[in-house]
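**Q** Got a structure for you, written out below as structure tokens; questions coming shortly.
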Amino acid sequence: MQDEIEKGRKFLKAVDYEELEKKFGDLKTDQQSGVAPPPLQKPYPENAVLIDLVEPDNFTCGTVPLAQAIGSRKSHRNFTDTALSLEEISFLLWATQGVREVDAKKVWTKRIVPSGGARQPFETYLIVNRVEGLEPGVYRYLAIEHKLLHVSDSGDDQVERIAEACHGQGFCGKSAVVFVWATIPYRTEWRYSVMSHKDIAIEAGHVCQNLYLACEGIRSGTCGIAAYDQKLIDALIGVDGKDEFTVYLSPVGKVA
Ligand SMILES: Cc1cc2nc3c(=O)[nH]c(=O)nc-3n(C[C@H](O)[C@H](O)[C@H](O)COP(=O)(O)O)c2cc1C
């Protein structure tokens, strides 16, 4: 067990280049070797019907003063039955992963949240229970288009499956919508190789903190969840668990 603890502590430390060079010799990354960059976003079928979201220029919500949002942020685990509006969900998606600039050569995107080397290694999945205008089910945020892609319909047991995937934390299933962040680690590994993984973990925190603050701006609440079952949640959102897998999730709902 102590070995595992030491491994975990090492993961939190800065990369020891000297040690890596001794072990592997050449530390050239795929980028340095001239390998083409991976897609900026997970591809989707050309003929997919995309769902329009409210554009950031048209947001009427989220006008709460910043100091108030920061000062009142806390984790919420009791949600009302009220649905979120499509504008509110558009605002939360933009606040967590919105794209400000796409590189002309399609190597990087600049987004609302910071990311080492602007690699932005996340895909955002929504497990929708109650959002006006959306049938319950799983959706993926296409951050570049600022649109939603329908991934799968919900079964009758969606609420229970969410709770089970969160190790029995029932409030997760009772939320209006669950934000699930899956990483495609190669997006960062292409540039940073073995140095990527601490960065990816740090960046998930940036994303979820923005969700907390944005929720304060729409009288909603959220609670970051790291206690989840990897296989169950990956199966729920439909990712392979190898080249793309969940790293963090956060249920959102209206609070009394
Ligand atoms: C990385 C991380 C993982 C967390 N995982 C869970 C979780 O699985 N279940 C839960 O109820 N709360 C979880 N929380 C929320 C914490 O319990 C909460 O932040 C803490 O109790 C402090 O409360 P506050 O957020 O209201 O200040 C998590 C928070 C973070 C940052």
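All residue names refer to the structure tokens as shown: chains lettered A, B, ... in order, residues numbered from 1 in each chain, ligands numbered from 1 in order.
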List all protein, DNA and RNA residues that have any atom at most 8 Å from ligand 1, counting only C-alpha atoms and all ligand atoms, and write the list as a ChimeraX atom specification.

**A** /A:73-77,166,169,205,223-228,248

**Q** Between stretch 14-92 of chain A and stretch 121-124 of chain A, at 9 Å or less, what are the per-residue closest atom pairs and their distances in Å? Count only C-alpha atoms, order by chain and rising residue number, and return it as JSON lines.

**A**
```
{"residue": "A:Leu40", "atom": "CA", "partner": "A:Pro121", "partner_atom": "CA", "distance": 8.4}
{"residue": "A:Gln41", "atom": "CA", "partner": "A:Glu123", "partner_atom": "CA", "distance": 7.4}
{"residue": "A:Lys42", "atom": "CA", "partner": "A:Glu123", "partner_atom": "CA", "distance": 7.4}
```

**Q** From a backbone DSSP assignment, name each residue in stretch 112-206 of chain A labelled strand (DSSP E or B), as a PyMOL selection string.

**A** chain A and resi 122-128+131+134+137-142+147-153+177-183

**Q** The selected residues should be written to file as a JSON list (two decimals), in the first residue's frame (atoms: C-alpha atoms).

**A**
```json
[["chain", "number", "residue", "atom", "x", "y", "z"],
["A", 122, "PHE", "CA", -11.77, 17.64, -22.02],
["A", 123, "GLU", "CA", -15.09, 16.68, -23.57],
["A", 124, "THR", "CA", -18.17, 17.70, -21.58],
["A", 125, "TYR", "CA", -21.10, 15.29, -21.33],
["A", 126, "LEU", "CA", -24.47, 16.24, -19.87],
["A", 127, "ILE", "CA", -26.72, 13.63, -18.33],
["A", 128, "VAL", "CA", -30.00, 15.51, -18.54],
["A", 131, "VAL", "CA", -33.68, 20.85, -18.81],
["A", 134, "LEU", "CA", -34.17, 18.74, -23.98],
["A", 137, "GLY", "CA", -30.64, 11.52, -21.93],
["A", 138, "VAL", "CA", -26.95, 12.01, -22.61],
["A", 139, "TYR", "CA", -25.58, 14.90, -24.68],
["A", 140, "ARG", "CA", -22.09, 16.13, -25.58],
["A", 141, "TYR", "CA", -21.13, 19.80, -25.71],
["A", 142, "LEU", "CA", -19.51, 20.77, -28.98],
["A", 147, "LYS", "CA", -24.01, 23.39, -29.78],
["A", 148, "LEU", "CA", -25.15, 20.10, -28.29],
["A", 149, "LEU", "CA", -24.89, 16.65, -29.81],
["A", 150, "HIS", "CA", -27.39, 14.02, -28.68],
["A", 151, "VAL", "CA", -25.47, 10.91, -27.57],
["A", 152, "SER", "CA", -28.09, 8.51, -26.20],
["A", 153, "ASP", "CA", -31.62, 8.32, -24.83],
["A", 177, "VAL", "CA", -28.37, 17.68, -14.99],
["A", 178, "VAL", "CA", -24.98, 16.11, -14.35],
["A", 179, "PHE", "CA", -21.86, 17.63, -15.92],
["A", 180, "VAL", "CA", -19.36, 14.86, -16.66],
["A", 181, "TRP", "CA", -15.87, 15.78, -17.82],
["A", 182, "ALA", "CA", -14.05, 13.10, -19.78],
["A", 183, "THR", "CA", -10.48, 13.58, -20.86]]
```

**Q** Just the residues within 12 Å of A:Lys242, please, counting only C-alpha atoms, with nothing from its chain fewer than 4 positions along; format it as a compact mmCIF listing (two decimals) with C-alpha atoms, in the first residue's frame.

**A**
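The resulting file, result33.txt, is reproduced below:
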```
# COMPACT_ATOMS: atom_id res chain seq x y z
CA ALA A 182 -14.05 13.10 -19.78
CA THR A 183 -10.48 13.58 -20.86
CA ILE A 184 -8.96 12.57 -24.16
CA PRO A 185 -5.45 12.48 -22.65
CA TYR A 186 -3.61 12.26 -25.97
CA GLN A 230 -15.05 4.55 -13.37
CA LYS A 231 -16.65 1.75 -15.41
CA ASP A 234 -17.88 5.72 -18.55
CA ALA A 235 -20.59 3.29 -19.70
CA GLY A 238 -20.58 6.00 -23.74
CA THR A 246 -14.23 10.42 -16.96
CA VAL A 247 -12.07 12.42 -14.55
```

**Q** Hey, which of A:Ile218, A:Ala204, A:Leu27, A:Leu12 ends up closest to A:Ser85? Count only C-alpha atoms.

**A**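 When distances to A:Ser85 are compared using only C-alpha atoms, the smallest one comes from A:Ile218.
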
**Q** Report as a PyMOL selection string: the residues of stretch 181-234 of chain A with a DSSP assignment of helix (DSSP H, G or I), based on the backbone of this structure.

**A** chain A and resi 186-216+230-234

**Q** Would you mind exporting the chosen residues as an mmCIF file, in the first residue's frame, restricted to C-alpha atoms?

**A**
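The result, stored in result29.cif:
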```cif
data_model
loop_
_atom_site.group_PDB
_atom_site.id
_atom_site.type_symbol
_atom_site.label_atom_id
_atom_site.label_comp_id
_atom_site.auth_asym_id
_atom_site.auth_seq_id
_atom_site.Cartn_x
_atom_site.Cartn_y
_atom_site.Cartn_z
ATOM 1 C CA TYR A 186 -3.607 12.260 -25.975
ATOM 2 C CA ARG A 187 -4.590 15.865 -26.700
ATOM 3 C CA THR A 188 -2.159 16.869 -23.947
ATOM 4 C CA GLU A 189 0.227 13.898 -24.322
ATOM 5 C CA TRP A 190 0.901 14.881 -27.946
ATOM 6 C CA ARG A 191 2.673 17.991 -26.595
ATOM 7 C CA TYR A 192 3.747 16.990 -23.086
ATOM 8 C CA SER A 193 4.047 13.180 -23.127
ATOM 9 C CA VAL A 194 4.532 11.740 -19.612
ATOM 10 C CA MET A 195 4.377 15.252 -18.169
ATOM 11 C CA SER A 196 0.671 15.566 -19.087
ATOM 12 C CA HIS A 197 -1.298 13.897 -16.380
ATOM 13 C CA LYS A 198 -0.840 16.218 -13.425
ATOM 14 C CA ASP A 199 -1.795 19.093 -15.747
ATOM 15 C CA ILE A 200 -4.997 17.340 -16.791
ATOM 16 C CA ALA A 201 -6.012 16.799 -13.159
ATOM 17 C CA ILE A 202 -5.302 20.437 -12.279
ATOM 18 C CA GLU A 203 -7.308 21.634 -15.276
ATOM 19 C CA ALA A 204 -10.393 19.632 -14.254
ATOM 20 C CA GLY A 205 -10.386 21.733 -11.082
ATOM 21 C CA HIS A 206 -10.388 24.980 -13.064
ATOM 22 C CA VAL A 207 -13.396 23.787 -15.047
ATOM 23 C CA CYS A 208 -15.450 22.728 -12.039
ATOM 24 C CA GLN A 209 -14.648 25.887 -10.079
ATOM 25 C CA ASN A 210 -16.114 27.900 -12.934
ATOM 26 C CA LEU A 211 -19.214 25.692 -12.775
ATOM 27 C CA TYR A 212 -19.559 26.430 -9.045
ATOM 28 C CA LEU A 213 -19.271 30.190 -9.640
ATOM 29 C CA ALA A 214 -21.551 30.190 -12.683
ATOM 30 C CA CYS A 215 -24.173 28.259 -10.684
ATOM 31 C CA GLU A 216 -24.113 31.010 -8.057
ATOM 32 C CA GLN A 230 -15.050 4.554 -13.371
ATOM 33 C CA LYS A 231 -16.647 1.753 -15.407
ATOM 34 C CA LEU A 232 -20.261 2.684 -14.617
ATOM 35 C CA ILE A 233 -19.927 6.371 -15.398
ATOM 36 C CA ASP A 234 -17.884 5.725 -18.554
#
```

**Q** As an MDAnalysis selection string, please: the residues near A:Ser175 (cut-off 12 Å, only C-alpha atoms, same-chain neighbours under 5 positions excluded).

**A** chainID A and resid 76:84 126:131 136 158:160 162:163 169:170 220:223 250:255

**Q** I need the chosen residues saved as an mmCIF file, in the first residue's frame, with N, CA and C atoms.

**A**
```cif
data_model
loop_
_atom_site.group_PDB
_atom_site.id
_atom_site.type_symbol
_atom_site.label_atom_id
_atom_site.label_comp_id
_atom_site.auth_asym_id
_atom_site.auth_seq_id
_atom_site.Cartn_x
_atom_site.Cartn_y
_atom_site.Cartn_z
ATOM 1 N N HIS A 76 -23.636 22.218 -2.990
ATOM 2 C CA HIS A 76 -25.070 21.991 -2.762
ATOM 3 C C HIS A 76 -25.394 20.535 -3.072
ATOM 4 N N ARG A 77 -26.162 19.927 -2.173
ATOM 5 C CA ARG A 77 -26.554 18.526 -2.367
ATOM 6 C C ARG A 77 -28.062 18.326 -2.294
ATOM 7 N N ASN A 78 -28.796 19.424 -2.155
ATOM 8 C CA ASN A 78 -30.269 19.351 -2.148
ATOM 9 C C ASN A 78 -30.795 20.189 -3.290
ATOM 10 N N PHE A 79 -31.441 19.532 -4.230
ATOM 11 C CA PHE A 79 -31.938 20.240 -5.407
ATOM 12 C C PHE A 79 -33.465 20.198 -5.435
ATOM 13 N N THR A 80 -34.081 21.268 -5.937
ATOM 14 C CA THR A 80 -35.535 21.275 -6.105
ATOM 15 C C THR A 80 -35.874 20.528 -7.402
ATOM 16 N N ASP A 81 -37.174 20.378 -7.681
ATOM 17 C CA ASP A 81 -37.604 19.679 -8.904
ATOM 18 C C ASP A 81 -37.627 20.601 -10.121
ATOM 19 N N THR A 82 -37.292 21.869 -9.936
ATOM 20 C CA THR A 82 -37.369 22.837 -11.031
ATOM 21 C C THR A 82 -36.336 22.505 -12.115
ATOM 22 N N ALA A 83 -36.765 22.645 -13.359
ATOM 23 C CA ALA A 83 -35.847 22.402 -14.486
ATOM 24 C C ALA A 83 -34.942 23.616 -14.701
ATOM 25 N N LEU A 84 -33.805 23.387 -15.317
ATOM 26 C CA LEU A 84 -32.973 24.503 -15.781
ATOM 27 C C LEU A 84 -33.467 24.908 -17.169
ATOM 28 N N LEU A 126 -23.362 15.898 -20.772
ATOM 29 C CA LEU A 126 -24.469 16.240 -19.873
ATOM 30 C C LEU A 126 -25.372 15.027 -19.758
ATOM 31 N N ILE A 127 -25.649 14.621 -18.532
ATOM 32 C CA ILE A 127 -26.718 13.629 -18.333
ATOM 33 C C ILE A 127 -27.924 14.442 -17.867
ATOM 34 N N VAL A 128 -28.872 14.590 -18.770
ATOM 35 C CA VAL A 128 -29.996 15.507 -18.539
ATOM 36 C C VAL A 128 -31.168 14.771 -17.900
ATOM 37 N N ASN A 129 -31.607 15.281 -16.757
ATOM 38 C CA ASN A 129 -32.877 14.825 -16.162
ATOM 39 C C ASN A 129 -33.984 15.841 -16.428
ATOM 40 N N ARG A 130 -33.668 17.149 -16.147
ATOM 41 C CA ARG A 130 -34.681 18.199 -16.292
ATOM 42 C C ARG A 130 -34.048 19.465 -16.855
ATOM 43 N N VAL A 131 -34.093 19.599 -18.169
ATOM 44 C CA VAL A 131 -33.677 20.852 -18.811
ATOM 45 C C VAL A 131 -34.747 21.174 -19.854
ATOM 46 N N PRO A 136 -34.771 13.964 -21.645
ATOM 47 C CA PRO A 136 -33.760 13.332 -20.772
ATOM 48 C C PRO A 136 -32.846 12.421 -21.589
ATOM 49 N N GLN A 158 -32.443 5.939 -15.440
ATOM 50 C CA GLN A 158 -31.306 6.881 -15.500
ATOM 51 C C GLN A 158 -30.935 7.433 -14.122
ATOM 52 N N VAL A 159 -31.969 7.839 -13.334
ATOM 53 C CA VAL A 159 -31.715 8.434 -12.013
ATOM 54 C C VAL A 159 -30.942 7.440 -11.130
ATOM 55 N N GLU A 160 -31.368 6.177 -11.161
ATOM 56 C CA GLU A 160 -30.715 5.155 -10.333
ATOM 57 C C GLU A 160 -29.304 4.859 -10.848
ATOM 58 N N ILE A 162 -27.297 6.907 -12.358
ATOM 59 C CA ILE A 162 -26.384 8.009 -11.964
ATOM 60 C C ILE A 162 -25.948 7.796 -10.512
ATOM 61 N N ALA A 163 -26.939 7.538 -9.642
ATOM 62 C CA ALA A 163 -26.620 7.362 -8.213
ATOM 63 C C ALA A 163 -25.651 6.196 -8.016
ATOM 64 N N GLN A 169 -24.357 7.905 -4.080
ATOM 65 C CA GLN A 169 -24.684 9.283 -3.663
ATOM 66 C C GLN A 169 -25.971 9.704 -4.400
ATOM 67 N N GLY A 170 -27.109 9.459 -3.723
ATOM 68 C CA GLY A 170 -28.422 9.610 -4.349
ATOM 69 C C GLY A 170 -28.707 10.997 -4.885
ATOM 70 N N SER A 220 -28.512 28.462 -8.742
ATOM 71 C CA SER A 220 -28.447 27.006 -8.800
ATOM 72 C C SER A 220 -27.246 26.568 -7.962
ATOM 73 N N GLY A 221 -27.110 25.268 -7.816
ATOM 74 C CA GLY A 221 -25.989 24.785 -7.029
ATOM 75 C C GLY A 221 -25.389 23.533 -7.639
ATOM 76 N N THR A 222 -24.176 23.229 -7.214
ATOM 77 C CA THR A 222 -23.483 22.047 -7.721
ATOM 78 C C THR A 222 -22.590 21.483 -6.630
ATOM 79 N N CYS A 223 -22.042 20.296 -6.877
ATOM 80 C CA CYS A 223 -21.134 19.670 -5.914
ATOM 81 C C CYS A 223 -20.155 18.800 -6.694
ATOM 82 N N SER A 250 -20.098 16.661 -11.801
ATOM 83 C CA SER A 250 -20.711 17.622 -10.887
ATOM 84 C C SER A 250 -22.194 17.785 -11.214
ATOM 85 N N PRO A 251 -23.067 17.297 -10.317
ATOM 86 C CA PRO A 251 -24.509 17.440 -10.549
ATOM 87 C C PRO A 251 -24.951 18.878 -10.288
ATOM 88 N N VAL A 252 -25.898 19.358 -11.075
ATOM 89 C CA VAL A 252 -26.381 20.745 -10.963
ATOM 90 C C VAL A 252 -27.896 20.723 -10.801
ATOM 91 N N GLY A 253 -28.393 21.595 -9.956
ATOM 92 C CA GLY A 253 -29.842 21.731 -9.833
ATOM 93 C C GLY A 253 -30.188 23.075 -9.240
ATOM 94 N N LYS A 254 -31.481 23.391 -9.300
ATOM 95 C CA LYS A 254 -31.960 24.611 -8.648
ATOM 96 C C LYS A 254 -31.954 24.388 -7.140
ATOM 97 N N VAL A 255 -31.619 25.426 -6.402
ATOM 98 C CA VAL A 255 -31.608 25.285 -4.948
ATOM 99 C C VAL A 255 -32.671 26.207 -4.349
#
```

**Q** Pick out the closest residue to A:Phe59 from this set: A:Ala104, A:Leu86, A:Ala14, A:Val35. Count only C-alpha atoms.

**A**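 Closest to A:Phe59, using only C-alpha atoms: A:Leu86.
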